[in-house]
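Below is one structure, written out as C-alpha cells; the observations come after it.
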Amino acid sequence: MRRHNRTIVRGRAAIAPYPADIRSESRRANSLYSKLMKFRLIHFSLPLIILSFLASSCGAGGGRTGSMPQGDTIPMKYAENLTMIDHGDFVEARFRNPWDTVRILQTYLLVPRDKELPKNMPKGEVVRVPLQNSVVYTSVHGSLIDELGSLDAITGVCDAKYIHNQNLRKRISDGRVADCGESMAPNIEKILMLKPDAILLSAYENSNDHNKVGQIGIPIIDCIDYMETSPLGRAEWMRFFGRLYGQEAKADSLFSVTENAYKEIKNAVKGVQQRPKVLTEMIYGQTWNVPGAYSTAGVLIEDAGGRNPFDEYKRSGSVQLAPEEVLYRAEDADFWLVKYAGNGPFTMTRMGKDAPIYTKFKPFKTGNIYGLNSEISNYFEEQAFHPHWILAEYVNLFHPEVEIPDYNHHYYSKLQR
Amino acid sequence: MRFFWLILGLLALFVTSIFVGAVDIPAETVFGILTGADTGNEALRFIILGSRLPQSLTALLAGAGLAASGLMMQTMFRNPLAGPSILGISSGANLGVAVVMLLLGSTVGIGSLALSGYISIIFGAFLGSILIMGILILFSSLLRNDLMLIITGVLIGYLTSSVITLLNYSASAQGVQGYIMWGMGSFNSVSLDQIPAFAIITGIGLLLAFILVKPLNALLLGDNYARNLGIPIKTVRNLLLLSTGILTAVTTAFCGPVSFIGLAVPHIARLIWPTDNHRVLMPATILIGSCVALLCTIISVLPSGGVAPINAVTPLVGVPVILYVILKRRH
C-alpha cells in the first residue's frame, strides 16, 4: 500500500498566493512550489516570499491579485486526486485531473446554504451544502448517500435498471425518485424539471467537453473517485461526499472504521508463508484485461496475502494481454475470480465452451473458480466504499485458516462444473 | 511460375503465423509440438494447437472467401471499388447478426453458442447480406452509374447501422456486449472443432465461384454479348448472389465484419497478373486473400503482449491499394 501522508499546511495561502487556475500552471512552477514547501519548514521566510512570487508568476494568467482567505487542509491519507481545505465558512475541494496529474480538474466551493457567500473566495464552482435535491447518476454514490443517511436529498437517478440498493429502488418505484434515463444519454428535460442543486456523475476523460448536462447551469460534481488506484484511496472520497450532504462527521467516522478494518485484515495475513497465485477476469473481445501491480484489483490481491501473476507490469491500471500470454503466465494459478452477467447458470462447462483456452488453467482442473454475477450482486455498489468487505472475502478464500472478525459480506461463490 | 511463388509465400506465412505470437516460444519447441514430440508443457501445446493453428486456418479460409466474393462483386457490378464492406453487404450481414443476437437474444459471446446458435447467426448473416445484395442488383439495373451504386451502398450502410443502433438501445446489456465483441472482428474466435463447418461452407462458396469463372469472363464483355454467347444472365446473377452471399455471410458470422480484404485483394491480383481472365484471377485472388489475412494476423500481434483487433490492421493493407486504384483510374 502506497501511503500519501499529507501534512497540514496552515496558512499556506497567505504566504504563497495559490494560483486560482492551476490549469495553466507549468510543471516547473509545480516543482518550484514543492521546493518552496520544504523551505518553509525551516522558516526561510524572506527568500520564500521572493520564490513564491516567482512561482505564482509562472502560472501565466492564473495568478490572482488580492489576498485569499486562510484555510486548513483536511489531511487525506490515501486519496491522491482529492484535496480539501477548510476555510471556516466554506470548504474548498480540489480534484486533481487523474488523466493529467499536473492539472486540476475541478475546484468546488462548498458553502453552507444558510450563510451568505463569503467574499474573496478562490475561483471555483460554488455548491450550496448540504445538497437537498440532487440527481445521482451512479448507484455506487446513491448507495453511499443512503448509508450516510441522506437519501431524501436524492430526487433523480440514472441507469435505474442497474441499481441494486433496495431503499433507492423502492423510492424509484414509488415515484419519489425520478428515473432520468441512461447516464450516457440522460433525459435533460426531466433533470431540468427537477431543478436539482447539483448533479453527481462519473466523469471520464474529457467528458466535460461534450457534456450537454454541463451547459444547463446546474453544478456538476465530477465523481472521479473511481480513478483512485488504492482501495482505501477511493474509499476516502466518502469524506468529500459526506461534506457535500452535510454528513461529514458520519462520513469521517465511517471511513476510519473502513480504514481500521482494512488495515487489521491486511496485517492478519502479512506474515503468511504461502501466497496463492490469483487470476482474475476473462477474455473480452480479443484481449484479457489483467491487473497491473498498482491497480486496485492488484493491490487487493496482494493485501489479501495473494500473488498477482502480472505484478511485473508496474502500472496502476489494467494491462491488455493476448489470451495466450495470460495462459503462459498464469496457467498454474491457484485461484480464479470471474465476474459474469446474465440470468442463465454460469458454469465451468459454459466457460470451457466460451473459450477452450479456459480449460487449460489449473483452477479449471482443481475447481477453484469463484464467480460473481454482476447483475445480481451488490459488489459494485459496495466495494468502492467498503474495500475491507471484499478484502475479508479474499482472505477467507486464500487463507481460510486466518480468522477474520465480522466477515459477513459474501460476493463470490464456487462455480459449478 | 508466379503461382508457385504465391503458394510458397502462402505456406511461409502460414508457418510464420504459427511460430509468431504474443508469447515468445522457441522455434524448436513449436516444431516439437507440431510434430507430436511431447514437450510436457500443456500451456504451450494449447497455445500452438488450440489457439494459433485454428487462428491461422481461420485467416486462410476467411481471406480466401472475402477476396473471392470481392472479385465476383467487382465483375458483377462492373465496378473496381465494389466489395463486401463498401457496398453495404457486410453491414447487411451485421444487421442479420444483430437481429439474431440482440432481438432474438443470444448468449454472451459467439464462442459460447451451441451449434444451433451458430447456425442461426450464420443464417441471419446470410439473409442480411442476400437482402442487401438483392437491393443492390435492383439498383444496379436502374442506375447505370458506378458512383451512384457506391453511394447507394453507403446509404444502405447508414440505414442498417441506424437499425442496429436502435436494436442496441432496446437490447439487454449482455446482448449488447456480445454484439460489440463480435463486431470487433477476430480470426481467433473460431475453435478447432468449428473449423470443419467453417471450411465446408467456405468450400461450397469457393466451388461456386470456380464454376462461375467462365460466365464471369463473359459478363466482362457486357450483358448483351454474354447473352449472345449463350450465358443465362439471370441464373448467373443469382448464382453469383448465392456464392458471394454464402462467402460473406459465413466469414462475417464466424469472424465478425472484416473490412478491406474483399475490396483490395482482387486489385493486388490484377497488379501481379495484368489480365481480366478470371481463370487466372480467381485462384490468384483466393491465394492472395489468404496471404493478406495471414499477414494481418501476424502484424496484429503487438510488442506489448496484446493483440490488435483485426480490423485495425486490414486497412493498413487495404487503403493504399484502393488509393492506388483510384489514382490509376484518374489517368
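By convention here, the chains of the C-alpha cells are called A, B, ... in the order presented, each chain's residues are numbered starting at 1, and ligands are numbered starting at 1 in the order presented.
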
Would you mind listing, for every residue of chain A within 9 Å of chain B, the two atoms forming the shortest contact and the distance between them in Å to one decimal, using only C-alpha atoms, sorted by chain and ascending residue number, as JSON lines?
{"residue": "A:Tyr284", "atom": "CA", "partner": "B:Met181", "partner_atom": "CA", "distance": 7.0}
{"residue": "A:Gly285", "atom": "CA", "partner": "B:Met181", "partner_atom": "CA", "distance": 4.7}
{"residue": "A:Gln286", "atom": "CA", "partner": "B:Val307", "partner_atom": "CA", "distance": 6.8}
{"residue": "A:Thr287", "atom": "CA", "partner": "B:Val307", "partner_atom": "CA", "distance": 6.7}
{"residue": "A:Trp288", "atom": "CA", "partner": "B:Gly306", "partner_atom": "CA", "distance": 8.5}
{"residue": "A:Val319", "atom": "CA", "partner": "B:Gly306", "partner_atom": "CA", "distance": 8.6}
{"residue": "A:Gln320", "atom": "CA", "partner": "B:Gly306", "partner_atom": "CA", "distance": 5.7}
{"residue": "A:Leu321", "atom": "CA", "partner": "B:Gly306", "partner_atom": "CA", "distance": 4.2}
{"residue": "A:Ala322", "atom": "CA", "partner": "B:Gly306", "partner_atom": "CA", "distance": 4.6}
{"residue": "A:Pro323", "atom": "CA", "partner": "B:Gly306", "partner_atom": "CA", "distance": 8.4}
{"residue": "A:Glu324", "atom": "CA", "partner": "B:Ile47", "partner_atom": "CA", "distance": 5.9}
{"residue": "A:Glu325", "atom": "CA", "partner": "B:Val23", "partner_atom": "CA", "distance": 5.4}
{"residue": "A:Leu327", "atom": "CA", "partner": "B:Ala43", "partner_atom": "CA", "distance": 6.3}
{"residue": "A:Tyr328", "atom": "CA", "partner": "B:Ala43", "partner_atom": "CA", "distance": 6.2}
{"residue": "A:Glu331", "atom": "CA", "partner": "B:Ala43", "partner_atom": "CA", "distance": 6.6}
{"residue": "A:Ala341", "atom": "CA", "partner": "B:Gln174", "partner_atom": "CA", "distance": 6.7}
{"residue": "A:Gly342", "atom": "CA", "partner": "B:Gln174", "partner_atom": "CA", "distance": 6.5}
{"residue": "A:Arg350", "atom": "CA", "partner": "B:Ser112", "partner_atom": "CA", "distance": 6.9}
{"residue": "A:Met351", "atom": "CA", "partner": "B:Ser112", "partner_atom": "CA", "distance": 7.7}
{"residue": "A:Gly352", "atom": "CA", "partner": "B:Ser112", "partner_atom": "CA", "distance": 8.4}
{"residue": "A:Lys353", "atom": "CA", "partner": "B:Ser112", "partner_atom": "CA", "distance": 5.2}
{"residue": "A:Asp354", "atom": "CA", "partner": "B:Ser112", "partner_atom": "CA", "distance": 3.9}
{"residue": "A:Ala355", "atom": "CA", "partner": "B:Gly111", "partner_atom": "CA", "distance": 6.3}
{"residue": "A:Pro356", "atom": "CA", "partner": "B:Ser191", "partner_atom": "CA", "distance": 7.4}
{"residue": "A:Ile357", "atom": "CA", "partner": "B:Phe46", "partner_atom": "CA", "distance": 7.3}
{"residue": "A:Lys360", "atom": "CA", "partner": "B:Ala43", "partner_atom": "CA", "distance": 6.5}
{"residue": "A:Phe361", "atom": "CA", "partner": "B:Ala43", "partner_atom": "CA", "distance": 8.0}

message: Can you tell me which residues surround B:Ile326 at a distance of at most 10 Å, considering only C-alpha atoms, apart from same-chain residues fewer than 6 positions away, and format the answer as a PyMOL selection string?
response: chain B and resi 80-81+320

task: Identify, on the basis of only C-alpha atoms, every residue whose closest approach to A:Ala297 does not exceed 10 Å; exclude the query and any residue fewer than 5 positions from it along the same chain; express the result as a list in words.
output: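 That gives Thr229, Ser230, Pro231, Thr280, Val290, Pro291, Gly292, Glu302, Asp303, Asn308, Ser316, Gly317 and Ser318 of chain A.
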
Go ahead and dump the residues you just picked, C-alpha atoms, as a PDB file, in the first residue's frame.
ATOM      1  CA  THR A 229      -5.655   3.398  -7.558  1.00  0.00           C
ATOM      2  CA  SER A 230      -5.611   2.165  -3.979  1.00  0.00           C
ATOM      3  CA  PRO A 231      -8.774   0.664  -2.457  1.00  0.00           C
ATOM      4  CA  THR A 280      -8.867 -12.581 -12.430  1.00  0.00           C
ATOM      5  CA  VAL A 290      -5.287  -8.262 -16.136  1.00  0.00           C
ATOM      6  CA  PRO A 291      -4.462  -6.083 -13.134  1.00  0.00           C
ATOM      7  CA  GLY A 292      -1.212  -4.142 -13.127  1.00  0.00           C
ATOM      8  CA  GLU A 302      -1.550  -8.565  -2.593  1.00  0.00           C
ATOM      9  CA  ASP A 303      -3.120  -7.126   0.569  1.00  0.00           C
ATOM     10  CA  ASN A 308      -0.804 -11.178  -8.695  1.00  0.00           C
ATOM     11  CA  SER A 316      -1.808   1.446 -11.910  1.00  0.00           C
ATOM     12  CA  GLY A 317      -4.454   0.424 -14.411  1.00  0.00           C
ATOM     13  CA  SER A 318      -5.157  -2.849 -16.106  1.00  0.00           C
TER      14      SER A 318
END

field: Residues of stretch 135-219 of chain A in strand (DSSP E or B), written as number ranges by chain
entry: A: 135-136, 154-157, 178-179, 181-182, 185-186, 198-201

For the residues in the current selection, export N, CA, C and O atoms as a PDB file, in the first residue's frame.
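File out-v7.pdb, as written:
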ATOM      1  N   VAL A 135     -29.374  15.014  -8.320  1.00  0.00           N
ATOM      2  CA  VAL A 135     -29.525  13.896  -9.254  1.00  0.00           C
ATOM      3  C   VAL A 135     -28.209  13.120  -9.229  1.00  0.00           C
ATOM      4  O   VAL A 135     -27.138  13.705  -9.381  1.00  0.00           O
ATOM      5  N   VAL A 136     -28.303  11.824  -8.964  1.00  0.00           N
ATOM      6  CA  VAL A 136     -27.109  10.994  -8.821  1.00  0.00           C
ATOM      7  C   VAL A 136     -27.115   9.956  -9.934  1.00  0.00           C
ATOM      8  O   VAL A 136     -28.018   9.139 -10.030  1.00  0.00           O
ATOM      9  N   ILE A 154     -31.740  12.778  -2.577  1.00  0.00           N
ATOM     10  CA  ILE A 154     -31.673  12.285  -3.965  1.00  0.00           C
ATOM     11  C   ILE A 154     -33.072  12.373  -4.558  1.00  0.00           C
ATOM     12  O   ILE A 154     -34.019  11.787  -4.038  1.00  0.00           O
ATOM     13  N   THR A 155     -33.188  13.124  -5.649  1.00  0.00           N
ATOM     14  CA  THR A 155     -34.503  13.229  -6.278  1.00  0.00           C
ATOM     15  C   THR A 155     -34.526  12.611  -7.668  1.00  0.00           C
ATOM     16  O   THR A 155     -35.580  12.426  -8.242  1.00  0.00           O
ATOM     17  N   GLY A 156     -33.349  12.306  -8.202  1.00  0.00           N
ATOM     18  CA  GLY A 156     -33.305  11.688  -9.517  1.00  0.00           C
ATOM     19  C   GLY A 156     -32.092  10.781  -9.643  1.00  0.00           C
ATOM     20  O   GLY A 156     -31.062  11.019  -9.007  1.00  0.00           O
ATOM     21  N   VAL A 157     -32.245   9.723 -10.460  1.00  0.00           N
ATOM     22  CA  VAL A 157     -31.120   8.814 -10.714  1.00  0.00           C
ATOM     23  C   VAL A 157     -31.072   8.509 -12.203  1.00  0.00           C
ATOM     24  O   VAL A 157     -32.037   8.754 -12.925  1.00  0.00           O
ATOM     25  N   ALA A 178     -36.932  10.237  -9.361  1.00  0.00           N
ATOM     26  CA  ALA A 178     -37.217  10.159 -10.794  1.00  0.00           C
ATOM     27  C   ALA A 178     -36.140   9.381 -11.523  1.00  0.00           C
ATOM     28  O   ALA A 178     -34.959   9.466 -11.180  1.00  0.00           O
ATOM     29  N   ASP A 179     -36.569   8.624 -12.519  1.00  0.00           N
ATOM     30  CA  ASP A 179     -35.627   7.894 -13.366  1.00  0.00           C
ATOM     31  C   ASP A 179     -35.293   8.801 -14.551  1.00  0.00           C
ATOM     32  O   ASP A 179     -36.151   9.090 -15.376  1.00  0.00           O
ATOM     33  N   GLY A 181     -33.256   8.334 -17.077  1.00  0.00           N
ATOM     34  CA  GLY A 181     -32.757   7.692 -18.291  1.00  0.00           C
ATOM     35  C   GLY A 181     -31.352   7.139 -18.143  1.00  0.00           C
ATOM     36  O   GLY A 181     -30.868   6.930 -17.032  1.00  0.00           O
ATOM     37  N   GLU A 182     -30.717   6.924 -19.275  1.00  0.00           N
ATOM     38  CA  GLU A 182     -29.381   6.332 -19.255  1.00  0.00           C
ATOM     39  C   GLU A 182     -28.331   7.399 -18.988  1.00  0.00           C
ATOM     40  O   GLU A 182     -28.432   8.515 -19.499  1.00  0.00           O
ATOM     41  N   ALA A 185     -26.905   8.955 -22.026  1.00  0.00           N
ATOM     42  CA  ALA A 185     -27.816   9.820 -22.784  1.00  0.00           C
ATOM     43  C   ALA A 185     -28.967  10.219 -21.865  1.00  0.00           C
ATOM     44  O   ALA A 185     -30.085   9.757 -22.013  1.00  0.00           O
ATOM     45  N   PRO A 186     -28.690  11.067 -20.861  1.00  0.00           N
ATOM     46  CA  PRO A 186     -29.713  11.365 -19.863  1.00  0.00           C
ATOM     47  C   PRO A 186     -30.850  12.212 -20.435  1.00  0.00           C
ATOM     48  O   PRO A 186     -30.673  12.908 -21.440  1.00  0.00           O
ATOM     49  N   ALA A 198     -27.478  20.012  -7.569  1.00  0.00           N
ATOM     50  CA  ALA A 198     -26.240  19.515  -8.163  1.00  0.00           C
ATOM     51  C   ALA A 198     -26.507  18.167  -8.807  1.00  0.00           C
ATOM     52  O   ALA A 198     -27.496  17.500  -8.494  1.00  0.00           O
ATOM     53  N   ILE A 199     -25.614  17.806  -9.725  1.00  0.00           N
ATOM     54  CA  ILE A 199     -25.697  16.502 -10.383  1.00  0.00           C
ATOM     55  C   ILE A 199     -24.393  15.778 -10.123  1.00  0.00           C
ATOM     56  O   ILE A 199     -23.320  16.323 -10.365  1.00  0.00           O
ATOM     57  N   LEU A 200     -24.490  14.557  -9.597  1.00  0.00           N
ATOM     58  CA  LEU A 200     -23.285  13.760  -9.373  1.00  0.00           C
ATOM     59  C   LEU A 200     -23.154  12.788 -10.523  1.00  0.00           C
ATOM     60  O   LEU A 200     -24.061  11.976 -10.759  1.00  0.00           O
ATOM     61  N   LEU A 201     -22.045  12.855 -11.237  1.00  0.00           N
ATOM     62  CA  LEU A 201     -21.865  11.883 -12.309  1.00  0.00           C
ATOM     63  C   LEU A 201     -20.435  11.390 -12.352  1.00  0.00           C
ATOM     64  O   LEU A 201     -19.522  12.012 -11.843  1.00  0.00           O
TER      65      LEU A 201
END

task: Just list the residues in stretch 236-280 of chain B DSSP gives helix (DSSP H, G or I) on the backbone, as a VMD selection string.
output: chain B and resid 236 to 255 261 to 272 278 to 280

message: Show me, as a list in words, the residues that have an atom within 10 Å of B:Val30 when counting only C-alpha atoms, minus same-chain residues fewer than 3 positions from it.
response: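 The contact residues come out as Ile18, Phe19, Val20, Ile25, Pro26, Ala27, Ile33, Leu34, Thr35, Gly36, Ala37, Thr39, Leu44, Arg45, Ile47, Ile48 and Leu49 of chain B.
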
For the selection just defined, write its residues with N, CA, C and O atoms to a file, as a JSON list (two decimals), in the first residue's frame.
[["chain", "number", "residue", "atom", "x", "y", "z"],
["B", 18, "ILE", "N", 2.13, -19.39, -37.18],
["B", 18, "ILE", "CA", 2.08, -20.34, -36.06],
["B", 18, "ILE", "C", 3.29, -20.16, -35.14],
["B", 18, "ILE", "O", 3.20, -20.32, -33.93],
["B", 19, "PHE", "N", 4.38, -19.72, -35.72],
["B", 19, "PHE", "CA", 5.59, -19.54, -34.91],
["B", 19, "PHE", "C", 5.60, -18.20, -34.16],
["B", 19, "PHE", "O", 6.27, -18.07, -33.15],
["B", 20, "VAL", "N", 4.90, -17.21, -34.70],
["B", 20, "VAL", "CA", 4.93, -15.87, -34.09],
["B", 20, "VAL", "C", 3.62, -15.60, -33.36],
["B", 20, "VAL", "O", 2.54, -15.86, -33.89],
["B", 25, "ILE", "N", 7.81, -18.28, -28.13],
["B", 25, "ILE", "CA", 8.08, -19.70, -27.92],
["B", 25, "ILE", "C", 9.22, -20.07, -28.86],
["B", 25, "ILE", "O", 9.17, -19.78, -30.06],
["B", 26, "PRO", "N", 10.27, -20.69, -28.33],
["B", 26, "PRO", "CA", 11.41, -21.05, -29.19],
["B", 26, "PRO", "C", 10.96, -21.93, -30.36],
["B", 26, "PRO", "O", 10.06, -22.77, -30.19],
["B", 27, "ALA", "N", 11.58, -21.72, -31.52],
["B", 27, "ALA", "CA", 11.17, -22.41, -32.74],
["B", 27, "ALA", "C", 11.21, -23.93, -32.56],
["B", 27, "ALA", "O", 10.31, -24.64, -33.03],
["B", 33, "ILE", "N", 6.15, -29.48, -30.80],
["B", 33, "ILE", "CA", 4.72, -29.61, -30.55],
["B", 33, "ILE", "C", 3.98, -30.01, -31.83],
["B", 33, "ILE", "O", 3.12, -30.88, -31.84],
["B", 34, "LEU", "N", 4.38, -29.38, -32.95],
["B", 34, "LEU", "CA", 3.71, -29.66, -34.22],
["B", 34, "LEU", "C", 3.95, -31.08, -34.69],
["B", 34, "LEU", "O", 3.06, -31.71, -35.26],
["B", 35, "THR", "N", 5.15, -31.59, -34.43],
["B", 35, "THR", "CA", 5.45, -32.94, -34.91],
["B", 35, "THR", "C", 4.98, -34.00, -33.93],
["B", 35, "THR", "O", 5.13, -35.18, -34.16],
["B", 36, "GLY", "N", 4.44, -33.54, -32.80],
["B", 36, "GLY", "CA", 3.89, -34.51, -31.86],
["B", 36, "GLY", "C", 4.87, -34.96, -30.79],
["B", 36, "GLY", "O", 4.51, -35.72, -29.90],
["B", 37, "ALA", "N", 6.12, -34.51, -30.87],
["B", 37, "ALA", "CA", 7.07, -34.82, -29.81],
["B", 37, "ALA", "C", 6.63, -34.07, -28.56],
["B", 37, "ALA", "O", 6.51, -32.85, -28.57],
["B", 39, "THR", "N", 6.40, -31.97, -25.46],
["B", 39, "THR", "CA", 7.33, -31.08, -24.75],
["B", 39, "THR", "C", 6.96, -30.97, -23.29],
["B", 39, "THR", "O", 7.66, -30.34, -22.51],
["B", 44, "LEU", "N", 1.83, -24.39, -23.47],
["B", 44, "LEU", "CA", 2.44, -24.11, -24.77],
["B", 44, "LEU", "C", 1.77, -24.93, -25.86],
["B", 44, "LEU", "O", 1.54, -24.44, -26.96],
["B", 45, "ARG", "N", 1.45, -26.18, -25.53],
["B", 45, "ARG", "CA", 0.82, -27.03, -26.53],
["B", 45, "ARG", "C", -0.53, -26.45, -26.94],
["B", 45, "ARG", "O", -0.90, -26.43, -28.10],
["B", 47, "ILE", "N", -1.38, -23.29, -26.74],
["B", 47, "ILE", "CA", -1.17, -22.04, -27.49],
["B", 47, "ILE", "C", -0.95, -22.36, -28.97],
["B", 47, "ILE", "O", -1.52, -21.73, -29.85],
["B", 48, "ILE", "N", -0.14, -23.39, -29.24],
["B", 48, "ILE", "CA", 0.16, -23.72, -30.64],
["B", 48, "ILE", "C", -1.03, -24.40, -31.32],
["B", 48, "ILE", "O", -1.51, -23.94, -32.35],
["B", 49, "LEU", "N", -1.51, -25.48, -30.70],
["B", 49, "LEU", "CA", -2.51, -26.30, -31.39],
["B", 49, "LEU", "C", -3.94, -25.81, -31.18],
["B", 49, "LEU", "O", -4.78, -25.94, -32.05]]
